[in-house]
file my_file.cif (mmCIF, C-alpha atoms)
data_coords
loop_
_atom_site.group_PDB
_atom_site.id
_atom_site.type_symbol
_atom_site.label_atom_id
_atom_site.label_comp_id
_atom_site.auth_asym_id
_atom_site.auth_seq_id
_atom_site.Cartn_x
_atom_site.Cartn_y
_atom_site.Cartn_z
ATOM 1 C CA MET F 1396 114.491 80.732 94.708
ATOM 2 C CA SER F 1397 113.441 82.325 91.444
ATOM 3 C CA TRP F 1398 113.244 86.115 91.840
ATOM 4 C CA TYR F 1399 110.130 86.235 89.647
ATOM 5 C CA GLY F 1400 108.623 82.972 90.838
ATOM 6 C CA ALA F 1401 104.975 82.496 91.678
ATOM 7 C CA HIS F 1402 103.914 84.778 94.499
ATOM 8 C CA SER F 1403 101.636 82.404 96.382
ATOM 9 C CA PHE F 1404 100.766 85.046 98.998
ATOM 10 C CA LEU F 1405 99.059 87.083 96.253
ATOM 11 C CA ASN F 1406 97.092 84.117 94.986
ATOM 12 C CA GLU F 1407 95.960 83.276 98.512
ATOM 13 C CA TYR F 1408 94.838 86.874 99.105
ATOM 14 C CA ILE F 1409 92.952 86.957 95.792
ATOM 15 C CA ARG F 1410 91.212 83.673 96.645
ATOM 16 C CA LYS F 1411 90.208 84.715 100.177
ATOM 17 C CA ASN F 1412 89.043 88.189 99.196
ATOM 18 C CA HIS F 1413 87.422 87.438 95.830
ATOM 19 C CA CYS F 1414 89.487 90.053 93.997
ATOM 20 C CA LYS F 1415 88.277 90.841 90.482
ATOM 21 C CA LYS F 1416 90.235 93.988 89.580
ATOM 22 C CA ILE F 1417 93.984 93.468 89.638
ATOM 23 C CA LEU F 1418 96.794 95.869 88.815
ATOM 24 C CA GLU F 1419 100.379 94.664 88.446
ATOM 25 C CA ILE F 1420 103.328 97.023 88.098
ATOM 26 C CA GLY F 1421 106.255 94.980 86.787
ATOM 27 C CA VAL F 1422 104.718 92.154 84.761
ATOM 28 C CA PHE F 1423 107.987 90.516 83.625
ATOM 29 C CA ASN F 1424 106.968 87.458 81.530
ATOM 30 C CA GLY F 1425 103.260 87.406 82.445
ATOM 31 C CA ASP F 1426 103.303 84.149 84.420
ATOM 32 C CA ASN F 1427 102.335 85.891 87.659
ATOM 33 C CA ALA F 1428 99.580 87.788 85.832
ATOM 34 C CA VAL F 1429 98.092 84.564 84.503
ATOM 35 C CA ALA F 1430 98.361 82.873 87.920
ATOM 36 C CA MET F 1431 96.499 85.743 89.632
ATOM 37 C CA VAL F 1432 93.792 85.811 86.955
ATOM 38 C CA LYS F 1433 93.300 82.028 87.153
ATOM 39 C CA VAL F 1434 92.746 82.276 90.906
ATOM 40 C CA ALA F 1435 90.312 85.181 90.435
ATOM 41 C CA ILE F 1436 88.214 83.341 87.825
ATOM 42 C CA LYS F 1437 87.701 80.382 90.150
ATOM 43 C CA ASP F 1438 85.098 82.506 91.988
ATOM 44 C CA SER F 1439 83.923 84.695 89.092
ATOM 45 C CA LEU F 1440 83.106 84.520 85.443
ATOM 46 C CA PRO F 1441 86.248 85.166 83.375
ATOM 47 C CA GLU F 1442 84.733 88.287 81.790
ATOM 48 C CA GLU F 1443 84.148 89.760 85.294
ATOM 49 C CA VAL F 1444 87.878 89.706 86.058
ATOM 50 C CA GLU F 1445 89.951 92.704 84.963
ATOM 51 C CA TYR F 1446 93.745 92.736 84.834
ATOM 52 C CA TYR F 1447 95.938 95.779 84.179
ATOM 53 C CA GLY F 1448 99.683 95.328 83.694
ATOM 54 C CA PHE F 1449 102.560 97.786 83.363
ATOM 55 C CA ASP F 1450 106.091 97.055 82.183
ATOM 56 C CA PHE F 1451 108.706 98.030 79.595
ATOM 57 C CA PHE F 1452 107.694 95.026 77.408
ATOM 58 C CA ASP F 1453 109.576 94.437 74.211
ATOM 59 C CA ASN F 1454 107.218 93.774 71.282
ATOM 60 C CA ASN F 1455 107.691 89.997 71.284
ATOM 61 C CA LEU F 1456 107.084 89.692 75.035
ATOM 62 C CA PHE F 1457 104.083 92.022 74.825
ATOM 63 C CA GLN F 1458 102.461 89.737 72.243
ATOM 64 C CA GLN F 1459 103.273 86.591 74.254
ATOM 65 C CA ILE F 1460 101.651 88.043 77.366
ATOM 66 C CA GLU F 1461 98.604 89.140 75.385
ATOM 67 C CA LEU F 1462 98.221 85.540 74.161
ATOM 68 C CA LYS F 1463 98.615 84.128 77.689
ATOM 69 C CA LEU F 1464 96.045 86.507 79.166
ATOM 70 C CA GLY F 1465 93.712 86.085 76.196
ATOM 71 C CA LYS F 1466 93.466 82.367 76.926
ATOM 72 C CA THR F 1467 92.094 83.107 80.415
ATOM 73 C CA GLY F 1468 89.036 84.953 79.085
ATOM 74 C CA CYS F 1469 89.545 87.930 81.416
ATOM 75 C CA LYS F 1470 89.406 91.559 80.382
ATOM 76 C CA PHE F 1471 92.914 92.962 80.323
ATOM 77 C CA LYS F 1472 94.988 95.918 79.249
ATOM 78 C CA LEU F 1473 98.771 96.131 79.093
ATOM 79 C CA PHE F 1474 100.639 99.435 79.309
ATOM 80 C CA LYS F 1475 104.088 99.686 77.767
ATOM 81 C CA GLY F 1476 106.840 101.974 79.050
ATOM 82 C CA ASP F 1477 108.466 103.336 82.164
ATOM 83 C CA THR F 1478 105.817 103.535 84.905
ATOM 84 C CA VAL F 1479 107.170 106.913 86.023
ATOM 85 C CA ASP F 1480 105.635 108.165 82.753
ATOM 86 C CA SER F 1481 102.932 105.639 81.781
ATOM 87 C CA LEU F 1482 101.256 105.055 85.156
ATOM 88 C CA PRO F 1483 100.389 108.722 85.973
ATOM 89 C CA ARG F 1484 98.701 109.040 82.569
ATOM 90 C CA ALA F 1485 96.823 105.742 82.862
ATOM 91 C CA VAL F 1486 95.442 106.115 86.408
ATOM 92 C CA LYS F 1487 93.080 108.807 85.170
ATOM 93 C CA THR F 1488 91.158 106.150 83.217
ATOM 94 C CA LEU F 1489 91.525 103.080 85.456
ATOM 95 C CA PRO F 1490 88.892 101.800 87.905
ATOM 96 C CA LYS F 1491 89.484 101.306 91.624
ATOM 97 C CA MET F 1492 91.383 98.059 92.158
ATOM 98 C CA ASP F 1493 90.871 95.170 94.580
ATOM 99 C CA LEU F 1494 94.547 94.228 94.543
ATOM 100 C CA ILE F 1495 97.631 96.120 93.425
ATOM 101 C CA PHE F 1496 101.005 94.422 93.170
ATOM 102 C CA ILE F 1497 103.987 96.761 92.872
ATOM 103 C CA ASP F 1498 107.049 94.893 91.638
ATOM 104 C CA GLY F 1499 108.550 97.525 89.376
ATOM 105 C CA GLY F 1500 111.583 99.737 89.756
ATOM 106 C CA LYS F 1501 113.576 99.435 92.980
ATOM 107 C CA SER F 1502 114.863 103.003 93.300
ATOM 108 C CA TYR F 1503 113.178 105.399 95.708
ATOM 109 C CA ARG F 1504 112.076 107.580 92.766
ATOM 110 C CA GLU F 1505 110.458 104.683 90.896
ATOM 111 C CA ALA F 1506 108.879 103.096 93.976
ATOM 112 C CA SER F 1507 107.516 106.455 95.176
ATOM 113 C CA SER F 1508 106.028 107.204 91.776
ATOM 114 C CA ASP F 1509 104.378 103.761 91.609
ATOM 115 C CA TRP F 1510 102.920 104.201 95.116
ATOM 116 C CA ALA F 1511 101.741 107.780 94.421
ATOM 117 C CA CYS F 1512 99.685 106.490 91.509
ATOM 118 C CA SER F 1513 98.543 103.296 93.211
ATOM 119 C CA TRP F 1514 96.985 104.877 96.289
ATOM 120 C CA THR F 1515 94.663 106.871 94.005
ATOM 121 C CA LEU F 1516 93.245 103.546 92.757
ATOM 122 C CA MET F 1517 92.422 102.193 96.224
ATOM 123 C CA HIS F 1518 88.922 101.693 97.597
ATOM 124 C CA ASP F 1519 88.341 100.882 101.280
ATOM 125 C CA GLN F 1520 89.162 97.185 100.862
ATOM 126 C CA THR F 1521 92.061 97.387 98.390
ATOM 127 C CA ALA F 1522 95.287 95.613 99.297
ATOM 128 C CA VAL F 1523 98.556 96.921 97.896
ATOM 129 C CA PHE F 1524 101.496 94.532 98.012
ATOM 130 C CA ILE F 1525 104.913 96.078 97.498
ATOM 131 C CA HIS F 1526 107.495 93.451 96.599
ATOM 132 C CA ASN F 1527 111.236 93.492 97.352
ATOM 133 C CA TYR F 1528 111.072 95.403 100.633
ATOM 134 C CA GLU F 1529 114.767 94.649 101.211
ATOM 135 C CA PHE F 1530 115.807 97.077 98.447
ATOM 136 C CA LEU F 1531 116.817 100.401 100.012
ATOM 137 C CA GLY F 1532 114.690 102.556 97.672
ATOM 138 C CA VAL F 1533 111.609 100.398 98.204
ATOM 139 C CA ARG F 1534 112.157 100.226 101.978
ATOM 140 C CA ARG F 1535 112.588 104.000 102.238
ATOM 141 C CA MET F 1536 109.402 104.596 100.247
ATOM 142 C CA VAL F 1537 107.417 102.149 102.414
ATOM 143 C CA GLU F 1538 108.758 103.728 105.598
ATOM 144 C CA ASN F 1539 107.481 107.118 104.367
ATOM 145 C CA ILE F 1540 103.877 105.918 103.897
ATOM 146 C CA SER F 1541 101.546 107.673 106.348
ATOM 147 C CA LYS F 1542 100.887 105.329 109.282
ATOM 148 C CA GLU F 1543 97.914 107.538 110.199
ATOM 149 C CA GLU F 1544 96.148 106.733 106.926
ATOM 150 C CA TYR F 1545 97.494 103.267 106.081
ATOM 151 C CA GLN F 1546 98.169 100.031 107.876
ATOM 152 C CA VAL F 1547 101.620 98.846 106.823
ATOM 153 C CA GLU F 1548 102.618 95.260 107.511
ATOM 154 C CA ILE F 1549 105.872 93.653 106.382
ATOM 155 C CA ILE F 1550 105.294 90.054 105.383
ATOM 156 C CA HIS F 1551 107.942 87.367 105.002
ATOM 157 C CA PRO F 1552 106.494 84.781 102.615
ATOM 158 C CA PRO F 1553 108.361 81.477 102.429
ATOM 159 C CA HIS F 1554 110.452 81.105 99.281
ATOM 160 C CA ASP F 1555 109.857 84.712 98.245
ATOM 161 C CA SER F 1556 111.130 88.213 98.861
ATOM 162 C CA ASP F 1557 109.848 90.298 101.780
ATOM 163 C CA SER F 1558 106.881 92.471 100.863
ATOM 164 C CA ALA F 1559 104.842 95.251 102.413
ATOM 165 C CA LEU F 1560 101.067 94.890 102.633
ATOM 166 C CA ILE F 1561 99.314 98.276 102.648
ATOM 167 C CA LYS F 1562 95.634 98.830 103.476
ATOM 168 C CA LYS F 1563 93.632 101.919 104.337
ATOM 169 C CA ILE F 1564 92.866 102.490 107.994
ATOM 170 C CA LEU F 1565 89.079 102.535 107.941
ATOM 171 C CA VAL F 1566 88.558 103.782 111.502
ATOM 172 C CA LEU F 1567 89.837 107.196 110.442
ATOM 173 C CA VAL F 1568 87.500 107.279 107.462
ATOM 174 C CA LYS F 1569 84.514 106.469 109.701
ATOM 175 C CA GLU F 1570 85.559 109.030 112.325
ATOM 176 C CA LYS F 1571 85.915 111.772 109.719
ATOM 177 C CA LYS F 1572 82.453 111.008 108.330
ATOM 178 C CA HIS F 1573 80.993 111.049 111.852
ATOM 179 C CA LEU F 1574 82.617 114.390 112.672
ATOM 180 C CA THR F 1575 81.263 116.047 109.514
ATOM 181 C CA LYS F 1576 77.608 115.102 110.202
#

call {"tool": "encode", "arguments": {"input": "my_file.cif", "output": "structure tokens"}}
result
Amino acid sequence: MSWYGAHSFLNEYIRKNHCKKILEIGVFNGDNAVAMVKVAIKDSLPEEVEYYGFDFFDNNLFQQIELKLGKTGCKFKLFKGDTVDSLPRAVKTLPKMDLIFIDGGKSYREASSDWACSWTLMHDQTAVFIHNYEFLGVRRMVENISKEEYQVEIIHPPHDSDSALIKKILVLVKEKKHLTK
């Protein structure tokens, strides 16, 4: 199994839910980014699909990924640096996402920082996939996510690492709106 191999569970989710705005934390070589975008543009015009990617990127890799994504015709923006620093600055300007894939740092500090920024970019239907659940820092962060606000499901995709799927619990949102009327 390749640690950074194609994450077919993401592509299937994108296809079924017609995701157009995708955020990936931990882009690596860009192959997963391109795969997700290609699935998204099967149901949409390429220029309607937006991809945002965060990683350390060396200059050569950054340019290679820009070329790969440019060939898809999607709108995209890559953010270079440690997400503990770059992601909090960027979320202020990013739109709400349909799908967020967190595959960045594995320490509790890094995973918590990535999640703290990601939940601010969620709308009611956003899915957040957190890869590498078996890492202690990632697992601890996932276990600390509010089960009153979020549905947390651990998935075990074949030929891939365990991941957490996080979605907002909409019943609470509806109840709160009802109580305030």

call {"tool": "atom_distance", "arguments": {"input": "my_file.cif", "atom1": "atom CA of Met1536 of chain F", "atom2": "atom CA of Tyr1408 of chain F"}}
result
23.0 Å

call {"tool": "resolve_selection", "arguments": {"input": "my_file.cif", "expression": "the PyMOL selection byres ((chain F and resi 1427) around 12)", "output": "PyMOL selection string"}}
result
chain F and resi 1398-1406+1417-1426+1428-1434+1446+1448+1460+1463-1464+1496+1498

call {"tool": "write_last_selection", "arguments": {"input": "my_file.cif", "atoms": "C-alpha atoms", "output": "tab-separated table (two decimals), in the frame of the given file"}}
result
chain	number	residue	atom	x	y	z
F	1398	TRP	CA	113.24	86.12	91.84
F	1399	TYR	CA	110.13	86.24	89.65
F	1400	GLY	CA	108.62	82.97	90.84
F	1401	ALA	CA	104.98	82.50	91.68
F	1402	HIS	CA	103.91	84.78	94.50
F	1403	SER	CA	101.64	82.40	96.38
F	1404	PHE	CA	100.77	85.05	99.00
F	1405	LEU	CA	99.06	87.08	96.25
F	1406	ASN	CA	97.09	84.12	94.99
F	1417	ILE	CA	93.98	93.47	89.64
F	1418	LEU	CA	96.79	95.87	88.82
F	1419	GLU	CA	100.38	94.66	88.45
F	1420	ILE	CA	103.33	97.02	88.10
F	1421	GLY	CA	106.26	94.98	86.79
F	1422	VAL	CA	104.72	92.15	84.76
F	1423	PHE	CA	107.99	90.52	83.62
F	1424	ASN	CA	106.97	87.46	81.53
F	1425	GLY	CA	103.26	87.41	82.44
F	1426	ASP	CA	103.30	84.15	84.42
F	1428	ALA	CA	99.58	87.79	85.83
F	1429	VAL	CA	98.09	84.56	84.50
F	1430	ALA	CA	98.36	82.87	87.92
F	1431	MET	CA	96.50	85.74	89.63
F	1432	VAL	CA	93.79	85.81	86.96
F	1433	LYS	CA	93.30	82.03	87.15
F	1434	VAL	CA	92.75	82.28	90.91
F	1446	TYR	CA	93.74	92.74	84.83
F	1448	GLY	CA	99.68	95.33	83.69
F	1460	ILE	CA	101.65	88.04	77.37
F	1463	LYS	CA	98.62	84.13	77.69
F	1464	LEU	CA	96.04	86.51	79.17
F	1496	PHE	CA	101.00	94.42	93.17
F	1498	ASP	CA	107.05	94.89	91.64

call {"tool": "closest_residue", "arguments": {"input": "my_file.cif", "among": "F:His1518, F:Ser1508, F:Asp1438, F:His1551", "to": "Ser1481 of chain F", "atoms": "all atoms listed in the file"}}
result
F:Ser1508

call {"tool": "axis_aligned_box", "arguments": {"input": "my_file.cif", "around": "segment 1433-1439 of chain F", "padding_each_side": "5 Å", "output": "JSON"}}
result
{"center_x": 88.6, "center_y": 82.8, "center_z": 89.6, "size_x": 19.4, "size_y": 14.8, "size_z": 14.8}

call {"tool": "residues_near_point", "arguments": {"input": "my_file.cif", "point": "(102.7, 96.4, 105.8)", "cutoff": "8 Å", "atoms": "only C-alpha atoms", "output": "ChimeraX atom specification"}}
result
/F:1546-1550,1558-1562

call {"tool": "atom_distance", "arguments": {"input": "my_file.cif", "atom1": "atom CA of Lys1491 of chain F", "atom2": "atom CA of Asp1519 of chain F"}}
result
9.7 Å

call {"tool": "atom_distance", "arguments": {"input": "my_file.cif", "atom1": "atom CA of Asp1480 of chain F", "atom2": "atom CA of Tyr1528 of chain F"}}
result
22.6 Å

call {"tool": "resolve_selection", "arguments": {"input": "my_file.cif", "expression": "the PyMOL selection byres ((chain F and resi 1523) around 9)", "output": "list in words"}}
result
Asp1493, Leu1494, Ile1495, Phe1496, Ile1497, Trp1510, Ser1513, Trp1514, Met1517, Thr1521, Ala1522, Phe1524, Ile1525, Ala1559, Leu1560, Ile1561 and Lys1562 of chain F

call {"tool": "write_last_selection", "arguments": {"input": "my_file.cif", "atoms": "C-alpha atoms", "output": "PDB file, in the coordinates of the input"}}
result
ATOM      1  CA  ASP F1493      90.871  95.170  94.580  1.00  0.00           C
ATOM      2  CA  LEU F1494      94.547  94.228  94.543  1.00  0.00           C
ATOM      3  CA  ILE F1495      97.631  96.120  93.425  1.00  0.00           C
ATOM      4  CA  PHE F1496     101.005  94.422  93.170  1.00  0.00           C
ATOM      5  CA  ILE F1497     103.987  96.761  92.872  1.00  0.00           C
ATOM      6  CA  TRP F1510     102.920 104.201  95.116  1.00  0.00           C
ATOM      7  CA  SER F1513      98.543 103.296  93.211  1.00  0.00           C
ATOM      8  CA  TRP F1514      96.985 104.877  96.289  1.00  0.00           C
ATOM      9  CA  MET F1517      92.422 102.193  96.224  1.00  0.00           C
ATOM     10  CA  THR F1521      92.061  97.387  98.390  1.00  0.00           C
ATOM     11  CA  ALA F1522      95.287  95.613  99.297  1.00  0.00           C
ATOM     12  CA  PHE F1524     101.496  94.532  98.012  1.00  0.00           C
ATOM     13  CA  ILE F1525     104.913  96.078  97.498  1.00  0.00           C
ATOM     14  CA  ALA F1559     104.842  95.251 102.413  1.00  0.00           C
ATOM     15  CA  LEU F1560     101.067  94.890 102.633  1.00  0.00           C
ATOM     16  CA  ILE F1561      99.314  98.276 102.648  1.00  0.00           C
ATOM     17  CA  LYS F1562      95.634  98.830 103.476  1.00  0.00           C
TER      18      LYS F1562
END

call {"tool": "closest_residue", "arguments": {"input": "my_file.cif", "among": "F:Phe1457, F:Tyr1447, F:Phe1452, F:Phe1471", "to": "Val1486 of chain F", "atoms": "all atoms listed in the file"}}
result
F:Tyr1447

call {"tool": "residues_around", "arguments": {"input": "my_file.cif", "residues": "Tyr1545 of chain F", "least_positions_apart": "2", "cutoff": "9 Å", "atoms": "all atoms listed in the file", "output": "PDB file with C-alpha atoms, keeping the file's coordinate frame"}}
result
ATOM      1  CA  ILE F1540     103.877 105.918 103.897  1.00  0.00           C
ATOM      2  CA  SER F1541     101.546 107.673 106.348  1.00  0.00           C
ATOM      3  CA  LYS F1542     100.887 105.329 109.282  1.00  0.00           C
ATOM      4  CA  GLU F1543      97.914 107.538 110.199  1.00  0.00           C
ATOM      5  CA  VAL F1547     101.620  98.846 106.823  1.00  0.00           C
ATOM      6  CA  ILE F1561      99.314  98.276 102.648  1.00  0.00           C
ATOM      7  CA  LYS F1562      95.634  98.830 103.476  1.00  0.00           C
ATOM      8  CA  LYS F1563      93.632 101.919 104.337  1.00  0.00           C
ATOM      9  CA  ILE F1564      92.866 102.490 107.994  1.00  0.00           C
ATOM     10  CA  LEU F1565      89.079 102.535 107.941  1.00  0.00           C
TER      11      LEU F1565
END

call {"tool": "resolve_selection", "arguments": {"input": "my_file.cif", "expression": "the PyMOL selection byres ((chain F and resi 1534) around 10)", "output": "mmCIF file with C-alpha atoms, in the coordinates of the input"}}
result
data_model
loop_
_atom_site.group_PDB
_atom_site.id
_atom_site.type_symbol
_atom_site.label_atom_id
_atom_site.label_comp_id
_atom_site.auth_asym_id
_atom_site.auth_seq_id
_atom_site.Cartn_x
_atom_site.Cartn_y
_atom_site.Cartn_z
ATOM 1 C CA LYS F 1501 113.576 99.435 92.980
ATOM 2 C CA SER F 1502 114.863 103.003 93.300
ATOM 3 C CA TYR F 1503 113.178 105.399 95.708
ATOM 4 C CA ALA F 1506 108.879 103.096 93.976
ATOM 5 C CA ILE F 1525 104.913 96.078 97.498
ATOM 6 C CA HIS F 1526 107.495 93.451 96.599
ATOM 7 C CA ASN F 1527 111.236 93.492 97.352
ATOM 8 C CA TYR F 1528 111.072 95.403 100.633
ATOM 9 C CA GLU F 1529 114.767 94.649 101.211
ATOM 10 C CA PHE F 1530 115.807 97.077 98.447
ATOM 11 C CA LEU F 1531 116.817 100.401 100.012
ATOM 12 C CA GLY F 1532 114.690 102.556 97.672
ATOM 13 C CA VAL F 1533 111.609 100.398 98.204
ATOM 14 C CA ARG F 1535 112.588 104.000 102.238
ATOM 15 C CA MET F 1536 109.402 104.596 100.247
ATOM 16 C CA VAL F 1537 107.417 102.149 102.414
ATOM 17 C CA GLU F 1538 108.758 103.728 105.598
ATOM 18 C CA ASN F 1539 107.481 107.118 104.367
ATOM 19 C CA SER F 1558 106.881 92.471 100.863
ATOM 20 C CA ALA F 1559 104.842 95.251 102.413
#

call {"tool": "residues_around", "arguments": {"input": "my_file.cif", "residues": "Ser1439 of chain F", "least_positions_apart": "6", "cutoff": "12 Å", "atoms": "all atoms listed in the file", "output": "MDAnalysis selection string"}}
result
chainID F and resid 1409:1410 1412:1416 1432:1433 1445 1468:1469

call {"tool": "closest_residue", "arguments": {"input": "my_file.cif", "among": "F:Gln1520, F:Leu1473, F:Pro1490, F:Val1444", "to": "Gln1458 of chain F", "atoms": "only C-alpha atoms"}}
result
F:Leu1473

call {"tool": "closest_residue", "arguments": {"input": "my_file.cif", "among": "F:Pro1552, F:Arg1504, F:Asp1477, F:Lys1487", "to": "Glu1407 of chain F", "atoms": "all atoms listed in the file"}}
result
F:Pro1552

call {"tool": "decode", "arguments": {"input": "my_file.cif", "residues": "segment 1405-1486 of chain F", "atoms": "C-alpha atoms", "output": "mmCIF file, in the first residue's frame"}}
result
data_model
loop_
_atom_site.group_PDB
_atom_site.id
_atom_site.type_symbol
_atom_site.label_atom_id
_atom_site.label_comp_id
_atom_site.auth_asym_id
_atom_site.auth_seq_id
_atom_site.Cartn_x
_atom_site.Cartn_y
_atom_site.Cartn_z
ATOM 1 C CA LEU F 1405 -12.682 10.872 -1.347
ATOM 2 C CA ASN F 1406 -13.309 10.561 -5.060
ATOM 3 C CA GLU F 1407 -16.475 8.562 -4.426
ATOM 4 C CA TYR F 1408 -17.736 11.177 -1.950
ATOM 5 C CA ILE F 1409 -16.977 14.015 -4.380
ATOM 6 C CA ARG F 1410 -18.826 12.186 -7.169
ATOM 7 C CA LYS F 1411 -21.913 11.380 -5.074
ATOM 8 C CA ASN F 1412 -22.169 14.821 -3.497
ATOM 9 C CA HIS F 1413 -21.170 17.002 -6.457
ATOM 10 C CA CYS F 1414 -18.427 18.779 -4.511
ATOM 11 C CA LYS F 1415 -17.031 21.874 -6.218
ATOM 12 C CA LYS F 1416 -14.985 23.534 -3.459
ATOM 13 C CA ILE F 1417 -12.197 21.332 -2.154
ATOM 14 C CA LEU F 1418 -9.556 22.034 0.467
ATOM 15 C CA GLU F 1419 -6.605 19.695 0.977
ATOM 16 C CA ILE F 1420 -4.172 20.034 3.866
ATOM 17 C CA GLY F 1421 -1.091 17.984 2.989
ATOM 18 C CA VAL F 1422 -0.896 17.985 -0.808
ATOM 19 C CA PHE F 1423 2.325 15.942 -1.144
ATOM 20 C CA ASN F 1424 2.957 15.574 -4.918
ATOM 21 C CA GLY F 1425 -0.437 16.826 -6.144
ATOM 22 C CA ASP F 1426 -1.680 13.516 -7.561
ATOM 23 C CA ASN F 1427 -4.552 13.325 -5.076
ATOM 24 C CA ALA F 1428 -5.438 16.961 -5.800
ATOM 25 C CA VAL F 1429 -5.662 16.279 -9.523
ATOM 26 C CA ALA F 1430 -7.696 13.093 -8.954
ATOM 27 C CA MET F 1431 -10.245 14.951 -6.788
ATOM 28 C CA VAL F 1432 -10.522 17.820 -9.276
ATOM 29 C CA LYS F 1433 -10.996 15.420 -12.210
ATOM 30 C CA VAL F 1434 -13.884 13.741 -10.396
ATOM 31 C CA ALA F 1435 -15.428 17.129 -9.550
ATOM 32 C CA ILE F 1436 -15.277 18.390 -13.153
ATOM 33 C CA LYS F 1437 -17.173 15.353 -14.421
ATOM 34 C CA ASP F 1438 -20.357 17.001 -13.077
ATOM 35 C CA SER F 1439 -19.353 20.666 -13.417
ATOM 36 C CA LEU F 1440 -17.565 23.003 -15.733
ATOM 37 C CA PRO F 1441 -13.843 23.072 -14.892
ATOM 38 C CA GLU F 1442 -13.963 26.787 -14.034
ATOM 39 C CA GLU F 1443 -16.720 26.082 -11.446
ATOM 40 C CA VAL F 1444 -14.413 23.802 -9.450
ATOM 41 C CA GLU F 1445 -12.152 25.415 -6.848
ATOM 42 C CA TYR F 1446 -9.211 23.664 -5.206
ATOM 43 C CA TYR F 1447 -7.150 25.001 -2.296
ATOM 44 C CA GLY F 1448 -4.008 23.154 -1.213
ATOM 45 C CA PHE F 1449 -1.641 23.584 1.727
ATOM 46 C CA ASP F 1450 1.800 22.045 2.159
ATOM 47 C CA PHE F 1451 5.465 22.883 2.752
ATOM 48 C CA PHE F 1452 6.163 22.600 -1.025
ATOM 49 C CA ASP F 1453 9.688 23.093 -2.226
ATOM 50 C CA ASN F 1454 9.844 25.446 -5.229
ATOM 51 C CA ASN F 1455 10.225 22.691 -7.829
ATOM 52 C CA LEU F 1456 7.302 20.669 -6.450
ATOM 53 C CA PHE F 1457 5.164 23.803 -6.152
ATOM 54 C CA GLN F 1458 5.658 24.520 -9.863
ATOM 55 C CA GLN F 1459 4.969 20.890 -10.838
ATOM 56 C CA ILE F 1460 1.689 20.895 -8.922
ATOM 57 C CA GLU F 1461 0.690 24.224 -10.447
ATOM 58 C CA LEU F 1462 1.233 22.695 -13.907
ATOM 59 C CA LYS F 1463 -0.781 19.572 -13.020
ATOM 60 C CA LEU F 1464 -3.706 21.578 -11.652
ATOM 61 C CA GLY F 1465 -3.506 24.104 -14.485
ATOM 62 C CA LYS F 1466 -4.145 21.327 -16.995
ATOM 63 C CA THR F 1467 -7.479 20.523 -15.309
ATOM 64 C CA GLY F 1468 -8.919 23.992 -15.958
ATOM 65 C CA CYS F 1469 -10.091 24.421 -12.353
ATOM 66 C CA LYS F 1470 -9.541 27.495 -10.231
ATOM 67 C CA PHE F 1471 -6.870 26.761 -7.660
ATOM 68 C CA LYS F 1472 -4.623 28.333 -5.077
ATOM 69 C CA LEU F 1473 -1.673 26.725 -3.319
ATOM 70 C CA PHE F 1474 -0.432 27.903 0.075
ATOM 71 C CA LYS F 1475 3.179 27.264 1.022
ATOM 72 C CA GLY F 1476 4.391 26.733 4.586
ATOM 73 C CA ASP F 1477 3.557 25.097 7.876
ATOM 74 C CA THR F 1478 -0.243 24.974 8.220
ATOM 75 C CA VAL F 1479 0.016 25.944 11.891
ATOM 76 C CA ASP F 1480 1.003 29.368 10.507
ATOM 77 C CA SER F 1481 -0.375 29.542 6.944
ATOM 78 C CA LEU F 1482 -3.853 28.064 7.452
ATOM 79 C CA PRO F 1483 -5.069 30.476 10.204
ATOM 80 C CA ARG F 1484 -4.103 33.427 7.991
ATOM 81 C CA ALA F 1485 -5.687 31.971 4.851
ATOM 82 C CA VAL F 1486 -9.063 30.893 6.287
#
